[in-house]
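Engineer: Structure file data-v1.pdb (PDB, C-alpha atoms, pLDDT in the B column) is given on the next line.
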ATOM      1  CA  MET N 166      58.507 143.652 107.094  1.00 48.00           C
ATOM      2  CA  GLU N 167      55.304 145.671 106.776  1.00 50.00           C
ATOM      3  CA  LYS N 168      52.382 144.232 108.723  1.00 48.00           C
ATOM      4  CA  PRO N 169      49.473 143.155 106.520  1.00 52.00           C
ATOM      5  CA  ASP N 170      45.945 144.484 107.082  1.00 80.00           C
ATOM      6  CA  VAL N 171      44.847 141.174 108.646  1.00 86.00           C
ATOM      7  CA  TRP N 172      46.746 142.103 111.834  1.00 81.00           C
ATOM      8  CA  ASP N 173      45.003 145.466 112.063  1.00 85.00           C
ATOM      9  CA  MET N 174      41.717 143.566 111.867  1.00 85.00           C
ATOM     10  CA  LEU N 175      42.833 141.107 114.575  1.00 88.00           C
ATOM     11  CA  ARG N 176      44.003 143.959 116.839  1.00 86.00           C
ATOM     12  CA  SER N 177      40.570 145.562 116.564  1.00 85.00           C
ATOM     13  CA  GLY N 178      38.842 142.394 117.855  1.00 85.00           C
ATOM     14  CA  GLY N 179      38.236 140.555 114.603  1.00 87.00           C
ATOM     15  CA  THR N 180      38.879 136.923 113.734  1.00 88.00           C
ATOM     16  CA  VAL N 181      40.654 135.141 110.903  1.00 88.00           C
ATOM     17  CA  GLY N 182      39.518 131.716 109.720  1.00 87.00           C
ATOM     18  CA  ARG N 183      40.157 129.518 106.701  1.00 86.00           C
ATOM     19  CA  GLY N 184      37.447 131.240 104.650  1.00 82.00           C
ATOM     20  CA  SER N 185      37.869 134.823 105.805  1.00 83.00           C
ATOM     21  CA  PRO N 186      39.586 137.706 104.003  1.00 82.00           C
ATOM     22  CA  GLY N 187      43.250 137.824 104.915  1.00 81.00           C
ATOM     23  CA  HIS N 188      43.575 134.088 105.562  1.00 85.00           C
ATOM     24  CA  GLU N 189      45.985 133.556 102.653  1.00 88.00           C
ATOM     25  CA  GLU N 190      48.242 136.333 103.952  1.00 88.00           C
ATOM     26  CA  TYR N 191      48.058 134.929 107.478  1.00 88.00           C
ATOM     27  CA  ASP N 192      49.095 131.471 106.208  1.00 89.00           C
ATOM     28  CA  ARG N 193      51.887 132.944 104.078  1.00 90.00           C
ATOM     29  CA  VAL N 194      53.348 134.736 107.090  1.00 91.00           C
ATOM     30  CA  LEU N 195      53.111 131.571 109.210  1.00 91.00           C
ATOM     31  CA  THR N 196      55.074 129.658 106.571  1.00 93.00           C
ATOM     32  CA  GLU N 197      57.676 132.419 106.249  1.00 93.00           C
ATOM     33  CA  CYS N 198      58.089 132.457 110.031  1.00 93.00           C
ATOM     34  CA  ILE N 199      58.593 128.672 110.108  1.00 94.00           C
ATOM     35  CA  GLU N 200      61.457 129.006 107.616  1.00 93.00           C
ATOM     36  CA  LYS N 201      63.154 131.747 109.653  1.00 93.00           C
ATOM     37  CA  ARG N 202      62.642 129.797 112.908  1.00 94.00           C
ATOM     38  CA  LEU N 203      64.187 126.675 111.383  1.00 92.00           C
ATOM     39  CA  ARG N 204      67.304 128.645 110.468  1.00 89.00           C
ATOM     40  CA  TYR N 205      67.490 130.164 113.946  1.00 91.00           C
ATOM     41  CA  ASN N 206      66.893 126.871 115.773  1.00 93.00           C
ATOM     42  CA  THR N 207      68.907 124.405 113.711  1.00 90.00           C
ATOM     43  CA  LEU N 208      71.949 125.997 112.088  1.00 82.00           C
ATOM     44  CA  PRO N 209      75.261 126.147 113.956  1.00 83.00           C
ATOM     45  CA  LEU N 210      75.472 129.929 114.163  1.00 80.00           C
ATOM     46  CA  THR N 211      77.950 132.164 115.960  1.00 87.00           C
ATOM     47  CA  ALA N 212      76.528 134.474 118.620  1.00 87.00           C
ATOM     48  CA  GLU N 213      76.479 137.390 116.153  1.00 89.00           C
ATOM     49  CA  GLU N 214      74.898 135.279 113.384  1.00 89.00           C
ATOM     50  CA  ARG N 215      72.249 134.103 115.862  1.00 90.00           C
ATOM     51  CA  ARG N 216      71.441 137.705 116.832  1.00 92.00           C
ATOM     52  CA  THR N 217      71.189 138.614 113.135  1.00 93.00           C
ATOM     53  CA  ALA N 218      68.880 135.629 112.511  1.00 93.00           C
ATOM     54  CA  LEU N 219      66.726 136.612 115.513  1.00 95.00           C
ATOM     55  CA  SER N 220      66.583 140.204 114.264  1.00 96.00           C
ATOM     56  CA  ASP N 221      65.459 138.890 110.859  1.00 95.00           C
ATOM     57  CA  LEU N 222      62.789 136.729 112.530  1.00 95.00           C
ATOM     58  CA  LEU N 223      61.433 139.609 114.645  1.00 96.00           C
ATOM     59  CA  GLY N 224      61.842 142.331 112.028  1.00 95.00           C
ATOM     60  CA  TYR N 225      64.058 144.760 113.968  1.00 96.00           C
ATOM     61  CA  GLU N 226      67.566 144.868 115.420  1.00 97.00           C
ATOM     62  CA  VAL N 227      67.562 142.970 118.701  1.00 96.00           C
ATOM     63  CA  ASP N 228      69.602 144.378 121.595  1.00 96.00           C
ATOM     64  CA  ALA N 229      73.126 142.939 121.780  1.00 94.00           C
ATOM     65  CA  HIS N 230      72.533 141.861 125.406  1.00 96.00           C
ATOM     66  CA  THR N 231      69.263 140.060 124.686  1.00 96.00           C
ATOM     67  CA  LYS N 232      69.493 136.280 124.391  1.00 95.00           C
ATOM     68  CA  VAL N 233      66.872 133.836 123.115  1.00 96.00           C
ATOM     69  CA  VAL N 234      68.096 130.268 123.621  1.00 95.00           C
ATOM     70  CA  PRO N 235      66.998 127.810 120.937  1.00 95.00           C
ATOM     71  CA  PRO N 236      64.744 126.076 120.410  1.00 96.00           C
ATOM     72  CA  PHE N 237      62.401 129.058 120.239  1.00 96.00           C
ATOM     73  CA  HIS N 238      58.985 129.096 118.593  1.00 97.00           C
ATOM     74  CA  CYS N 239      56.635 131.868 117.459  1.00 97.00           C
ATOM     75  CA  ASP N 240      53.812 132.331 114.928  1.00 93.00           C
ATOM     76  CA  GLN N 241      54.623 135.578 113.174  1.00 94.00           C
ATOM     77  CA  GLY N 242      57.757 137.007 114.806  1.00 95.00           C
ATOM     78  CA  PHE N 243      57.046 140.626 113.935  1.00 95.00           C
ATOM     79  CA  ASN N 244      54.419 140.977 116.698  1.00 96.00           C
ATOM     80  CA  ILE N 245      57.074 140.441 119.411  1.00 98.00           C
ATOM     81  CA  ARG N 246      58.910 143.387 120.964  1.00 98.00           C
ATOM     82  CA  LEU N 247      61.865 142.516 123.192  1.00 98.00           C
ATOM     83  CA  GLY N 248      63.481 145.093 125.466  1.00 98.00           C
ATOM     84  CA  ARG N 249      67.144 145.307 126.373  1.00 98.00           C
ATOM     85  CA  ASN N 250      68.938 142.585 128.328  1.00 98.00           C
ATOM     86  CA  VAL N 251      66.141 140.007 127.992  1.00 98.00           C
ATOM     87  CA  LEU N 252      66.799 136.292 128.517  1.00 98.00           C
ATOM     88  CA  ILE N 253      64.355 133.780 127.044  1.00 98.00           C
ATOM     89  CA  ASN N 254      65.522 130.290 127.982  1.00 98.00           C
ATOM     90  CA  TYR N 255      65.209 126.940 126.168  1.00 96.00           C
ATOM     91  CA  ASP N 256      62.000 125.732 124.517  1.00 97.00           C
ATOM     92  CA  CYS N 257      59.824 128.819 124.903  1.00 98.00           C
ATOM     93  CA  VAL N 258      56.782 129.482 122.719  1.00 98.00           C
ATOM     94  CA  LEU N 259      55.485 132.979 122.003  1.00 98.00           C
ATOM     95  CA  LEU N 260      52.265 132.634 119.993  1.00 96.00           C
ATOM     96  CA  ASP N 261      52.230 136.161 118.654  1.00 96.00           C
ATOM     97  CA  THR N 262      49.036 136.346 116.633  1.00 93.00           C
ATOM     98  CA  GLY N 263      48.604 139.452 118.815  1.00 94.00           C
ATOM     99  CA  ASP N 264      51.291 141.785 120.141  1.00 96.00           C
ATOM    100  CA  ILE N 265      53.707 140.562 122.803  1.00 98.00           C
ATOM    101  CA  SER N 266      55.697 143.278 124.551  1.00 98.00           C
ATOM    102  CA  ILE N 267      58.543 142.252 126.861  1.00 98.00           C
ATOM    103  CA  GLY N 268      60.300 144.977 128.859  1.00 98.00           C
ATOM    104  CA  ASP N 269      63.953 145.432 129.725  1.00 98.00           C
ATOM    105  CA  ASN N 270      65.736 142.954 132.012  1.00 98.00           C
ATOM    106  CA  VAL N 271      63.028 140.276 131.811  1.00 98.00           C
ATOM    107  CA  LEU N 272      63.924 136.626 132.481  1.00 98.00           C
ATOM    108  CA  ILE N 273      61.689 133.909 131.012  1.00 98.00           C
ATOM    109  CA  GLY N 274      62.300 130.377 132.257  1.00 98.00           C
ATOM    110  CA  PRO N 275      62.583 127.286 130.062  1.00 98.00           C
ATOM    111  CA  GLY N 276      59.407 125.814 128.623  1.00 98.00           C
ATOM    112  CA  SER N 277      57.318 128.940 129.170  1.00 98.00           C
ATOM    113  CA  ARG N 278      54.411 129.869 126.875  1.00 98.00           C
ATOM    114  CA  LEU N 279      52.998 133.312 126.060  1.00 98.00           C
ATOM    115  CA  VAL N 280      49.778 132.810 124.092  1.00 98.00           C
ATOM    116  CA  THR N 281      47.905 135.749 122.533  1.00 97.00           C
ATOM    117  CA  ALA N 282      45.675 133.602 120.283  1.00 95.00           C
ATOM    118  CA  ARG N 283      42.342 132.150 121.256  1.00 94.00           C
ATOM    119  CA  HIS N 284      39.469 130.289 119.641  1.00 93.00           C
ATOM    120  CA  SER N 285      35.718 130.577 120.136  1.00 90.00           C
ATOM    121  CA  LEU N 286      33.925 128.607 122.835  1.00 93.00           C
ATOM    122  CA  LYS N 287      31.295 127.723 120.217  1.00 92.00           C
ATOM    123  CA  ALA N 288      32.135 124.507 118.358  1.00 93.00           C
ATOM    124  CA  GLU N 289      30.617 125.658 115.063  1.00 90.00           C
ATOM    125  CA  GLU N 290      32.827 128.769 115.099  1.00 86.00           C
ATOM    126  CA  ARG N 291      35.964 126.660 115.652  1.00 89.00           C
ATOM    127  CA  ARG N 292      35.397 124.473 112.587  1.00 91.00           C
ATOM    128  CA  ASP N 293      37.280 126.815 110.267  1.00 89.00           C
ATOM    129  CA  TRP N 294      40.055 127.289 112.864  1.00 89.00           C
ATOM    130  CA  SER N 295      39.091 130.935 113.364  1.00 89.00           C
ATOM    131  CA  VAL N 296      41.448 132.762 115.664  1.00 92.00           C
ATOM    132  CA  SER N 297      41.258 136.054 117.541  1.00 92.00           C
ATOM    133  CA  CYS N 298      43.798 137.557 119.923  1.00 95.00           C
ATOM    134  CA  SER N 299      44.558 139.863 122.816  1.00 96.00           C
ATOM    135  CA  PRO N 300      47.991 141.358 123.525  1.00 97.00           C
ATOM    136  CA  ILE N 301      50.343 140.306 126.324  1.00 98.00           C
ATOM    137  CA  ARG N 302      52.563 142.807 128.127  1.00 98.00           C
ATOM    138  CA  ILE N 303      55.424 141.842 130.425  1.00 98.00           C
ATOM    139  CA  GLU N 304      56.835 144.955 132.101  1.00 98.00           C
ATOM    140  CA  GLU N 305      60.495 145.527 133.038  1.00 98.00           C
ATOM    141  CA  ASP N 306      62.466 143.346 135.486  1.00 98.00           C
ATOM    142  CA  VAL N 307      59.880 140.529 135.569  1.00 98.00           C
ATOM    143  CA  TRP N 308      60.986 136.931 136.134  1.00 98.00           C
ATOM    144  CA  LEU N 309      58.799 134.105 134.811  1.00 98.00           C
ATOM    145  CA  GLY N 310      59.875 130.777 136.303  1.00 98.00           C
ATOM    146  CA  ALA N 311      60.147 127.576 134.291  1.00 98.00           C
ATOM    147  CA  GLY N 312      57.007 126.386 132.534  1.00 98.00           C
ATOM    148  CA  VAL N 313      54.892 129.493 133.104  1.00 98.00           C
ATOM    149  CA  VAL N 314      51.877 129.941 130.799  1.00 98.00           C
ATOM    150  CA  VAL N 315      50.583 133.473 130.174  1.00 98.00           C
ATOM    151  CA  LEU N 316      47.142 133.655 128.523  1.00 98.00           C
ATOM    152  CA  PRO N 317      45.729 136.283 126.116  1.00 97.00           C
ATOM    153  CA  GLY N 318      45.218 139.827 127.356  1.00 97.00           C
ATOM    154  CA  VAL N 319      47.434 139.581 130.460  1.00 98.00           C
ATOM    155  CA  THR N 320      49.785 142.277 131.753  1.00 98.00           C
ATOM    156  CA  ILE N 321      52.421 141.383 134.349  1.00 98.00           C
ATOM    157  CA  GLY N 322      53.581 144.406 136.344  1.00 98.00           C
ATOM    158  CA  ALA N 323      57.183 145.520 136.736  1.00 98.00           C
ATOM    159  CA  ARG N 324      59.549 143.578 139.010  1.00 98.00           C
ATOM    160  CA  SER N 325      57.041 140.809 139.711  1.00 98.00           C
ATOM    161  CA  VAL N 326      58.017 137.137 139.916  1.00 98.00           C
ATOM    162  CA  ILE N 327      55.786 134.339 138.609  1.00 98.00           C
ATOM    163  CA  GLY N 328      56.406 130.924 140.175  1.00 98.00           C
ATOM    164  CA  ALA N 329      57.367 127.936 138.041  1.00 98.00           C
ATOM    165  CA  GLY N 330      54.453 126.086 136.461  1.00 98.00           C
ATOM    166  CA  SER N 331      51.967 128.893 137.026  1.00 98.00           C
ATOM    167  CA  VAL N 332      49.133 129.684 134.618  1.00 98.00           C
ATOM    168  CA  VAL N 333      48.564 133.441 134.474  1.00 98.00           C
ATOM    169  CA  THR N 334      44.947 134.098 133.487  1.00 98.00           C
ATOM    170  CA  LYS N 335      44.579 137.688 134.773  1.00 98.00           C
ATOM    171  CA  ASP N 336      46.737 140.776 135.212  1.00 98.00           C
ATOM    172  CA  ILE N 337      49.380 140.643 137.944  1.00 98.00           C
ATOM    173  CA  PRO N 338      50.328 143.925 139.649  1.00 98.00           C
ATOM    174  CA  ALA N 339      53.883 145.233 140.011  1.00 98.00           C
ATOM    175  CA  ASP N 340      56.208 144.130 142.821  1.00 98.00           C
ATOM    176  CA  VAL N 341      54.568 140.835 143.839  1.00 98.00           C
ATOM    177  CA  ILE N 342      55.209 137.115 143.784  1.00 98.00           C
ATOM    178  CA  ALA N 343      52.375 135.202 142.120  1.00 98.00           C
ATOM    179  CA  ALA N 344      52.020 131.459 141.670  1.00 98.00           C
ATOM    180  CA  GLY N 345      49.542 128.674 141.026  1.00 98.00           C
ATOM    181  CA  ASN N 346      46.892 127.619 138.553  1.00 98.00           C
ATOM    182  CA  PRO N 347      45.362 130.060 138.134  1.00 98.00           C
ATOM    183  CA  ALA N 348      48.176 132.317 139.353  1.00 98.00           C
ATOM    184  CA  ARG N 349      47.340 134.470 142.332  1.00 98.00           C
ATOM    185  CA  VAL N 350      49.380 136.946 144.347  1.00 98.00           C
ATOM    186  CA  VAL N 351      51.209 135.118 147.138  1.00 98.00           C
ATOM    187  CA  ARG N 352      52.897 138.129 148.703  1.00 98.00           C
ATOM    188  CA  PRO N 353      54.366 141.528 147.929  1.00 98.00           C
ATOM    189  CA  LEU N 354      58.065 141.889 147.199  1.00 94.00           C
TER
END
Write out the structure in this file as structure tokens.
Structural biologist:
Amino acid sequence: MEKPDVWDMLRSGGTVGRGSPGHEEYDRVLTECIEKRLRYNTLPLTAEERRTALSDLLGYEVDAHTKVVPPFHCDQGFNIRLGRNVLINYDCVLLDTGDISIGDNVLIGPGSRLVTARHSLKAEERRDWSVSCSPIRIEEDVWLGAGVVVLPGVTIGARSVIGAGSVVTKDIPADVIAAGNPARVVRPL
């Protein structure tokens, strides 16, 4: 699926709201993604059919050793890039208004949330549900424990571990254990 111009505008720091150019396309893609997610999450599919449905949802052929356990939720689908041998456990949400890049051998615990979208702090700017975004990058061999929340613009360095229930608000370097709300480095690995 070719990415509409609205995503180029979002990637360059713009916003999309109910009255802005590109809103109709944004809504159309959200609806299309819901239909693909429903198929992925609710039909009794074989392992190969599930991988095909996930590939359709994300817009590219997903690695045969990557597993996304339903239910799984995303906004667009095509803004998510999964590496090889990735495991995303039950009930994860990847709000991919912006790009989400997940490296090889990453484990994401159940109930985790990766959120690239954000709204203005100004009430009057939120009235039309305007959204902007910043990308999230999870480098190779990272483990996110159960219920981790990663906020817009965060990069988590290779081989790091994020403790269950943590809220990651800032970049985490490679080769550390981080935990808490907000997550902070606890110790090196």
Engineer: Could you check the closest approach to N:Tyr225 for each of N:Tyr255, N:Gly248, N:His238, N:Asn206 and tell me which residue wins, using only C-alpha atoms?
Structural biologist: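 Checking each of N:Tyr255, N:Gly248, N:His238, N:Asn206 against N:Tyr225, counting only C-alpha atoms, the winner is N:Gly248.
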Engineer: Restricting the calculation to only C-alpha atoms, which member of N:Leu252, N:Ala282, N:Ala339, N:Cys298 is positioned closest to N:Arg324?
Structural biologist: N:Ala339
Engineer: Applying 10 Å and only C-alpha atoms, which residues near N:Ala212 remain after dropping the ones on its own chain fewer than 4 positions away? List them as a PyMOL selection string.
Structural biologist: chain N and resi 216-218+229+232
Engineer: Residues picked by the PyMOL selection byres ((chain N and resi 325) around 10) here, as an MDAnalysis selection string?
Structural biologist: chainID N and resid 271 303:309 321:324 326:328 337:343 350 353:354
Engineer: If I put a ball of radius 10 Å at (55.0, 132.4, 112.6) in the file's coordinates, which residues poke into it when counting all atoms listed in the file, written as a short mmCIF file (atom, residue, chain, number, x, y, z; two decimals) with C-alpha atoms, in the coordinates of the input?
Structural biologist:
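Contents of point38.cif, freshly written:
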data_model
loop_
_atom_site.label_atom_id
_atom_site.label_comp_id
_atom_site.auth_asym_id
_atom_site.auth_seq_id
_atom_site.Cartn_x
_atom_site.Cartn_y
_atom_site.Cartn_z
CA TYR N 191 48.06 134.93 107.48
CA ASP N 192 49.10 131.47 106.21
CA ARG N 193 51.89 132.94 104.08
CA VAL N 194 53.35 134.74 107.09
CA LEU N 195 53.11 131.57 109.21
CA THR N 196 55.07 129.66 106.57
CA GLU N 197 57.68 132.42 106.25
CA CYS N 198 58.09 132.46 110.03
CA ILE N 199 58.59 128.67 110.11
CA GLU N 200 61.46 129.01 107.62
CA LYS N 201 63.15 131.75 109.65
CA ARG N 202 62.64 129.80 112.91
CA LEU N 222 62.79 136.73 112.53
CA LEU N 223 61.43 139.61 114.64
CA HIS N 238 58.98 129.10 118.59
CA CYS N 239 56.64 131.87 117.46
CA ASP N 240 53.81 132.33 114.93
CA GLN N 241 54.62 135.58 113.17
CA GLY N 242 57.76 137.01 114.81
CA PHE N 243 57.05 140.63 113.94
CA ASN N 244 54.42 140.98 116.70
CA LEU N 259 55.48 132.98 122.00
CA LEU N 260 52.26 132.63 119.99
CA ASP N 261 52.23 136.16 118.65
CA THR N 262 49.04 136.35 116.63
#
Engineer: Check which residues satisfy the PyMOL selection byres ((chain N and resi 176) around 9) in the file shown, then give them as a PyMOL selection string.
Structural biologist: chain N and resi 171-175+177-179+263-264+297-300
Engineer: Which polymer residues have any atom within 6 Å of an atom of stretch 274-280 of chain N, counting only C-alpha atoms, with same-chain residues fewer than 3 positions away left out, as a list of chain:residue names?
Structural biologist: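 Using only C-alpha atoms, the neighbours found are N:Asn254, N:Tyr255, N:Asp256, N:Cys257, N:Val258, N:Leu259, N:Leu260, N:Leu309, N:Gly310, N:Ala311, N:Gly312, N:Val313, N:Val314, N:Val315, N:Leu316, N:Pro317.
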Engineer: Take the PyMOL selection byres ((chain N and resi 231) around 7), run it mentally on this structure, and tell me the resulting residues as a PyMOL selection string.
Structural biologist: chain N and resi 227-230+232-233+249-252
Engineer: Can I get the selection written as a PDB file, keeping the file's coordinate frame, with C-alpha atoms?
Structural biologist:
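Printed below is result-v2.pdb as written:
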ATOM      1  CA  VAL N 227      67.562 142.970 118.701  1.00 96.00           C
ATOM      2  CA  ASP N 228      69.602 144.378 121.595  1.00 96.00           C
ATOM      3  CA  ALA N 229      73.126 142.939 121.780  1.00 94.00           C
ATOM      4  CA  HIS N 230      72.533 141.861 125.406  1.00 96.00           C
ATOM      5  CA  LYS N 232      69.493 136.280 124.391  1.00 95.00           C
ATOM      6  CA  VAL N 233      66.872 133.836 123.115  1.00 96.00           C
ATOM      7  CA  ARG N 249      67.144 145.307 126.373  1.00 98.00           C
ATOM      8  CA  ASN N 250      68.938 142.585 128.328  1.00 98.00           C
ATOM      9  CA  VAL N 251      66.141 140.007 127.992  1.00 98.00           C
ATOM     10  CA  LEU N 252      66.799 136.292 128.517  1.00 98.00           C
TER      11      LEU N 252
END
Engineer: Hey, which of N:Arg215, N:His284, N:Arg246, N:Gly182 ends up closest to N:Val234? Count all atoms listed in the file.
Structural biologist: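 Answer, going by the shortest atom-to-atom distance: N:Arg215.
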